[in-house]
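Enquirer: Handing you this structure, nothing more for now.
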Amino acid sequence: MTHAPTLPDFAHERVEVTTGSRSGLVITVALHSSALGPALGGARLWTYPHWSDAVADALRLSSAMTLKNAVAGLDSGGGKAVIAIPEGTQLDAARRRAAFLDLGDAVEAFDGSYRTAEDVGSTTDDMLAVRERTTHVVGLPDRVGGSGEPAGPTSMGVYAAIGATLERVHGTASLEGRRITISGLGQVGGRLAIRLGTEGALLTVTDVNPAKRALAEQLGAIWVEPGTEHLVPADVFVPAGIGGVLTESVIDALEARAVCGPANNPLATRADADRLAARGILFTPDFVANAGGVIYLDLEERGADREETMRRVNAIGDTVRHLLDDAEEHGITPLAAAEAYAARRLDSAARVSESV
C-alpha cells in the first residue's frame, strides 16, 4: 500500500495540467519557485489511482525541489513534472515515446523557467524524446554528449549523508557491523546496498519487485517482505522507494536509531518529523540527503569540471553535519533546521531581486 503525504500550502508560481495530444495521458508541470533561478526537477512517470493524485504528487515534489536546490547551494529553483499512467494501463514503446514528446511540449510552454530531467519511471533515453520538442532538458545520455544517469551521484550523496548520520548516532561514520535496512532496491537503493555491503554493513533489504531478491542474495543481505522492513532493528533505516511510507503507525513501530535515505517525501505528514524526534529517532531530511543527482545535473549543465561536481556531491555529508548541529543548538528538528536554511537563501534572493 502507498501512503500519499499531505499537500504543502499552495505557493506555486505556475502549474499547468494538460492532456497530451499524442499520448492522451495527463501531464502536470509544477513550477514552485524560480527565486534562485530557472527551476530544475525531474519528470516522473508513474501509475496513479486518479489523475488528481498525480497533480498532488507534482505539487509536493516541486516544493521539495525548491528546498533541495536551496539547501544544496544551487542557483536553481524548484519544479517537477509528472506523467500519470492510469491504473491497469501498460504503455507500449510508441505510446511511451508519445508521452515524452507531449512532455516536451509542456516544458517548452514554460519558456525556460523550468528544466526537466529523468526521474522515477523515466530514463535518460526518454529525455531524448523530450529534447525533440524543447531545449530545456538536462541529463541526456552519455552517448550523445549528455551528463547521463544521475543515480550514481545521488547514491554517493546519500552515502555521505548516512556517514554523517551515523557519526551523530554512534560517534563514527564507519559502516563495519552497522545494521542498515534499505526499503527499495531501484537505481539508487541498489547502488547504496552494494556500497554499504562492501564496507561491512549488515544489510536487511526489500523491494516490491521480487526479482530484486537476487541482489539481496548476491550481497548476502537478509530479505524481508515489503511492509515489514521497519520492524527489523537497525542503526539506519533507509527509505529508497515511494514517498509517504513513514506514517504515524509505522513510526510507532519503527525499530531504528536513525532515518536517512533517497526517497522523496518519506514523511506522511510534516508532524511525523516531530514523532520521530519524540521517539529519539534521528531524521536526516530527504531533500538534503538525496541532492547528489540534482547537484550533478545542475553543475554539469553549467560547465563545472567533474572533480568540482563530485566534491560538491560529497559535501552533502558536511551539510548534514551543519544542519544537525544547528538543530541541536536551537532545540528543533533537523527538518525545521533544513527548512529554515532554505528559507534564508530564498529570502536573500527575494531581497536582491527587489533591489534591482
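Scheme for the C-alpha cells: letters A, B, ... for chains in order shown; per-chain residue numbers from 1; ligand numbers from 1 in order shown.
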Hey, what's within 8 Å of Thr319 (chain A) if we count only C-alpha atoms and toss same-chain stuff fewer than 4 positions away? As a VMD selection string, please?

Expert: chain A and resid 288 315 323

Enquirer: Selected residues, N, CA and C atoms, written as an mmCIF file, in the first residue's frame, please.

Expert:
```cif
data_model
loop_
_atom_site.group_PDB
_atom_site.id
_atom_site.type_symbol
_atom_site.label_atom_id
_atom_site.label_comp_id
_atom_site.auth_asym_id
_atom_site.auth_seq_id
_atom_site.Cartn_x
_atom_site.Cartn_y
_atom_site.Cartn_z
ATOM 1 N N VAL A 288 17.867 16.907 1.708
ATOM 2 C CA VAL A 288 19.287 17.177 1.939
ATOM 3 C C VAL A 288 20.105 15.970 1.482
ATOM 4 N N ALA A 315 30.165 16.778 -0.417
ATOM 5 C CA ALA A 315 29.995 17.761 0.652
ATOM 6 C C ALA A 315 28.614 17.692 1.287
ATOM 7 N N LEU A 323 23.577 21.004 9.599
ATOM 8 C CA LEU A 323 22.168 21.107 9.937
ATOM 9 C C LEU A 323 21.838 20.374 11.237
#
```

Enquirer: So, with only C-alpha atoms as the atoms that count, which of A:Leu61, A:Ala201, A:Leu231, A:Val208 lies closest to Gly163 (chain A)?

Expert: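 Checking each of A:Leu61, A:Ala201, A:Leu231, A:Val208 against Gly163 (chain A), counting only C-alpha atoms, the winner is A:Ala201.
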
Enquirer: Just checking: using only C-alpha atoms, which residue out of A:Gly78, A:Pro233, A:Gly121, A:Gly104 ends up closest to Leu45 (chain A)?

Expert: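 Answer, going by the shortest atom-to-atom distance: A:Gly121.
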
Enquirer: Pick out the residues sitting within 12 Å of region 195-198 of chain A, and hand them over as number ranges by chain; count only C-alpha atoms, and ignore anything fewer than 2 positions along from it in its own chain.

Expert: A: 152, 155-156, 158-160, 162-163, 173-182, 188-193, 200-205, 215-222, 236, 238

Enquirer: If you run DSSP on the backbone here, which positions in region 67-211 of chain A get alpha helix (DSSP H)? Please write them as a PyMOL selection string.

Expert: chain A and resi 67-71+93-108+124-131+151-170+187-198

Enquirer: Give me the residues near region 92-101 of chain A as a list of chain:residue names, where near means some atom within 9 Å (using only C-alpha atoms) and where sequence neighbours in that chain fewer than 6 positions away do not count.

Expert: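 After dropping sequence-adjacent residues, the list is A:Gly20, A:Ser21, A:Arg22, A:Ser23, A:Gly24, A:Leu25, A:Ile27, A:Ile83, A:Asp126, A:Met127, A:Leu128, A:Ala129, A:Val130, A:Arg131, A:Glu132, A:Arg133.
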
Enquirer: Could you write out that same residue set with N, CA and C atoms as a PDB file, in the first residue's frame?

Expert:
```pdb
ATOM      1  N   GLY A  20      -1.958  15.112 -22.977  1.00  0.00           N
ATOM      2  CA  GLY A  20      -1.050  15.026 -24.106  1.00  0.00           C
ATOM      3  C   GLY A  20      -1.785  14.742 -25.404  1.00  0.00           C
ATOM      4  N   SER A  21      -1.510  15.537 -26.430  1.00  0.00           N
ATOM      5  CA  SER A  21      -2.236  15.385 -27.696  1.00  0.00           C
ATOM      6  C   SER A  21      -1.897  14.074 -28.404  1.00  0.00           C
ATOM      7  N   ARG A  22      -0.725  13.527 -28.151  1.00  0.00           N
ATOM      8  CA  ARG A  22      -0.298  12.284 -28.790  1.00  0.00           C
ATOM      9  C   ARG A  22      -0.628  11.065 -27.938  1.00  0.00           C
ATOM     10  N   SER A  23      -0.346  11.179 -26.631  1.00  0.00           N
ATOM     11  CA  SER A  23      -0.453  10.016 -25.731  1.00  0.00           C
ATOM     12  C   SER A  23      -1.801   9.892 -25.050  1.00  0.00           C
ATOM     13  N   GLY A  24      -2.516  11.013 -24.900  1.00  0.00           N
ATOM     14  CA  GLY A  24      -3.763  11.008 -24.154  1.00  0.00           C
ATOM     15  C   GLY A  24      -3.579  10.931 -22.655  1.00  0.00           C
ATOM     16  N   LEU A  25      -2.339  11.046 -22.182  1.00  0.00           N
ATOM     17  CA  LEU A  25      -2.055  10.963 -20.746  1.00  0.00           C
ATOM     18  C   LEU A  25      -2.064  12.358 -20.115  1.00  0.00           C
ATOM     19  N   ILE A  27      -0.591  15.206 -18.022  1.00  0.00           N
ATOM     20  CA  ILE A  27       0.768  15.654 -17.724  1.00  0.00           C
ATOM     21  C   ILE A  27       0.688  16.921 -16.885  1.00  0.00           C
ATOM     22  N   ILE A  83       3.949  12.539 -15.315  1.00  0.00           N
ATOM     23  CA  ILE A  83       3.098  11.922 -16.335  1.00  0.00           C
ATOM     24  C   ILE A  83       2.328  10.804 -15.645  1.00  0.00           C
ATOM     25  N   ASP A 126      14.495   8.510 -22.480  1.00  0.00           N
ATOM     26  CA  ASP A 126      13.226   9.234 -22.597  1.00  0.00           C
ATOM     27  C   ASP A 126      13.465  10.728 -22.806  1.00  0.00           C
ATOM     28  N   MET A 127      14.539  11.234 -22.192  1.00  0.00           N
ATOM     29  CA  MET A 127      14.840  12.653 -22.324  1.00  0.00           C
ATOM     30  C   MET A 127      15.225  13.030 -23.750  1.00  0.00           C
ATOM     31  N   LEU A 128      15.668  12.041 -24.539  1.00  0.00           N
ATOM     32  CA  LEU A 128      15.946  12.315 -25.952  1.00  0.00           C
ATOM     33  C   LEU A 128      14.664  12.690 -26.690  1.00  0.00           C
ATOM     34  N   ALA A 129      13.573  12.022 -26.352  1.00  0.00           N
ATOM     35  CA  ALA A 129      12.290  12.385 -26.954  1.00  0.00           C
ATOM     36  C   ALA A 129      11.864  13.780 -26.513  1.00  0.00           C
ATOM     37  N   VAL A 130      12.045  14.082 -25.229  1.00  0.00           N
ATOM     38  CA  VAL A 130      11.728  15.423 -24.734  1.00  0.00           C
ATOM     39  C   VAL A 130      12.537  16.474 -25.495  1.00  0.00           C
ATOM     40  N   ARG A 131      13.795  16.149 -25.755  1.00  0.00           N
ATOM     41  CA  ARG A 131      14.708  17.090 -26.422  1.00  0.00           C
ATOM     42  C   ARG A 131      14.263  17.419 -27.850  1.00  0.00           C
ATOM     43  N   GLU A 132      13.455  16.563 -28.452  1.00  0.00           N
ATOM     44  CA  GLU A 132      12.938  16.852 -29.789  1.00  0.00           C
ATOM     45  C   GLU A 132      11.947  18.010 -29.779  1.00  0.00           C
ATOM     46  N   ARG A 133      11.379  18.306 -28.602  1.00  0.00           N
ATOM     47  CA  ARG A 133      10.349  19.343 -28.508  1.00  0.00           C
ATOM     48  C   ARG A 133      10.779  20.564 -27.707  1.00  0.00           C
TER      49      ARG A 133
END
```

Enquirer: Would you mind telling me which residue in A:Pro266, A:Gly88, A:Gly293, A:Pro285 lies nearest to Trp46 (chain A) when using only C-alpha atoms?

Expert: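 For Trp46 (chain A), the nearest of the given residues is A:Gly88.
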
Enquirer: If we count only C-alpha atoms and set the cut-off at 7 Å, which residues sit around Asn265 (chain A), ignoring sequence neighbours fewer than 2 positions away in its own chain? Please answer as a VMD selection string.

Expert: chain A and resid 243 to 244 263 267 286
